[in-house]
Amino acid sequence: MRKTNRVRLFFVLGAAALCAAYSGGYYFVKQQEKTRPELAKYQLQESPEIIESGNILLPYEYILKEEDGFVVVYYADGETLYDETAILLEQLPWRLQREIAEGKKISSETELYNFLESYSS
């Protein structure tokens with residue numbers, strides 16, 4: 001009889017610990033959202049900065065365009081200049097040239113730096 005009581009007690013305490021861990025984690029995440037507003041940019045919002053890629057909506061932060069034969073980086077609004085590069089458009093693969101001519105969208109700073117590193121001399 002004592003052994004079954006120990007098993008029951010262990011089960012009840014284990015369930016209580018799991019509930020406490022779950023609620024503590026939930027509370028921690030909610031507090032982080034309140035104290036760190038920069039996390040809000042990762043939440044999907046209805047705006048022109050959201051593009052459809054398959055079934056997933058991805059916000060983009062940068063647009064690559066061509067000016068005077070060079071690749072230029074703009075912020076997502078398409079008007080605010082982020083950076084001018086020394087990458088010649090004619091030295092890129094033709095598919096990439098066409099994407100840039102139409103305004104290639106880059107979703108993150110990491111993706112932008114990877115692109116710039118790949119195609120800079």
# chains A, B, ... in the order shown; residues from 1 in each chain; ligands from 1
$ residues_around --residues "Glu67 in chain A" --least-positions-apart "5" --cutoff "10 Å" --atoms "only C-alpha atoms" --output "JSON, numbers by chain"
{"A": [72, 73, 84, 88, 89, 101]}
$ residues_around --residues "Glu111 in chain A" --least-positions-apart "3" --cutoff "12 Å" --atoms "only C-alpha atoms" --output "list in words"
Tyr60, Glu61, Tyr62, Ile63, Leu64, Lys104, Lys105, Ile106, Ser107, Ser108, Asn114, Phe115, Leu116, Glu117 and Ser118 of chain A
$ closest_residue --among "A:Ala76, A:Cys19, A:Val7, A:Val29" --to "Gly103 in chain A" --atoms "only C-alpha atoms"
A:Ala76
